[in-house]
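The structure under discussion appears below in the form of structure tokens.
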Amino acid sequence: MISMSSVGKTKKCLRCGLRYPANELLCVHCDDLADKEVEELKKSHEKELQASQNLGVIFGIMVVAHLFTIFLWKIFK
Ligand SMILES: [Zn+2]
């Protein structure tokens with residue numbers, strides 16, 4: 001049974017750490033996985049998180065470098 005209040009809500013799975021719809025009884029990510037497979041899922045999820053964080057850092061450095069170039073260009077113009 002799906003009630004209106006649970007539509008669109010998610011809960012965090014204690015086993016794999018991923019979020020799944022709150023109206024599901026069992027986690028959609030790890031319900032059919034063995035413990036070892038859950039560990040691999042967690043690891044790959046952490047890697048993805050780290051990759052996106054690294055991308056954010058690189059983008060930040062690019063923005064700072066760009067602003068610094070404009071700054072130097074204005075001084076030496
Ligand atoms: Zn799970």
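Residues in the structure tokens are numbered from 1 in each chain, the chains being A, B, ... in the order shown, and ligands are numbered from 1 in the order shown.
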Inset, instruction - Give as a list in words the residues surrounding ligand 1 up to a distance of 6 Å, considering only C-alpha atoms and all ligand atoms. - result: Cys13, Arg15, Cys16, Leu18, Cys27, His29 and Cys30 of chain A
Within 8 Å of range 41-57 of chain A, counting only C-alpha atoms, which residues show up once you throw out same-chain ones fewer than 3 positions away? Write them as a tab-separated table (two decimals) with C-alpha atoms, in the first residue's frame, please.
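As written to disk, selection_22.tsv reads:
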chain	number	residue	atom	x	y	z
A	16	CYS	CA	24.70	-0.13	1.93
A	17	GLY	CA	24.31	3.56	2.89
A	37	GLU	CA	28.67	-7.51	-2.90
A	38	VAL	CA	27.29	-4.81	-0.59
A	60	GLY	CA	37.55	25.80	-8.24
A	61	ILE	CA	41.26	26.04	-9.12
Inset, instruction - Quote the spacing between CA of Met62 in chain A and CA of Lys77 in chain A in Å to one decimal place. - result: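 Here the two named atoms are 22.2 Å from each other.
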Inset, instruction - Give the strand (DSSP E or B) residues of chain A, as assigned by DSSP on the backbone, as a count of residues only. - result: 6
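One distance worth recording is that between CA of Lys11 in chain A and CA of Leu26 in chain A, which is 10.4 Å.
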Legend entry - DSSP-assigned alpha helix (DSSP H) among range 17-68 of chain A, expressed as JSON, numbers by chain: {"A": [35, 36, 37, 38, 39, 40, 41, 42, 43, 44, 45, 46, 47, 48, 49, 50, 51, 52, 53, 54, 55, 56, 57, 58, 59, 60, 61, 62, 63, 64, 65, 66, 67, 68]}
Write out, as a short mmCIF file (atom, residue, chain, number, x, y, z; two decimals), in the first residue's frame, the residues just selected, with C-alpha atoms.
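Here's the written file out_27.cif:
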data_model
loop_
_atom_site.label_atom_id
_atom_site.label_comp_id
_atom_site.auth_asym_id
_atom_site.auth_seq_id
_atom_site.Cartn_x
_atom_site.Cartn_y
_atom_site.Cartn_z
CA ASP A 35 27.36 -9.07 2.16
CA LYS A 36 30.51 -9.11 0.02
CA GLU A 37 28.67 -7.51 -2.90
CA VAL A 38 27.29 -4.81 -0.59
CA GLU A 39 30.88 -3.99 0.44
CA GLU A 40 31.82 -3.59 -3.23
CA LEU A 41 28.76 -1.41 -3.84
CA LYS A 42 29.74 0.83 -0.91
CA LYS A 43 33.31 1.09 -2.18
CA SER A 44 32.28 2.04 -5.72
CA HIS A 45 29.80 4.56 -4.29
CA GLU A 46 32.56 6.17 -2.20
CA LYS A 47 34.81 6.34 -5.26
CA GLU A 48 32.07 8.11 -7.21
CA LEU A 49 31.63 10.61 -4.37
CA GLN A 50 35.36 11.27 -4.26
CA ALA A 51 35.56 11.67 -8.03
CA SER A 52 32.87 14.35 -7.98
CA GLN A 53 34.62 16.10 -5.10
CA ASN A 54 37.91 16.12 -7.03
CA LEU A 55 36.10 17.58 -10.02
CA GLY A 56 34.79 20.37 -7.79
CA VAL A 57 38.31 21.15 -6.57
CA ILE A 58 39.69 21.24 -10.13
CA PHE A 59 36.86 23.52 -11.22
CA GLY A 60 37.55 25.80 -8.24
CA ILE A 61 41.26 26.04 -9.12
CA MET A 62 40.36 26.87 -12.75
CA VAL A 63 38.06 29.69 -11.62
CA VAL A 64 40.73 31.13 -9.29
CA ALA A 65 43.38 30.88 -12.05
CA HIS A 66 41.04 32.62 -14.47
CA LEU A 67 40.31 35.45 -12.01
CA PHE A 68 44.03 35.78 -11.26
#
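The gap separating CA of Asn23 in chain A from CA of Lys9 in chain A is 7.8 Å, in Å to one decimal.
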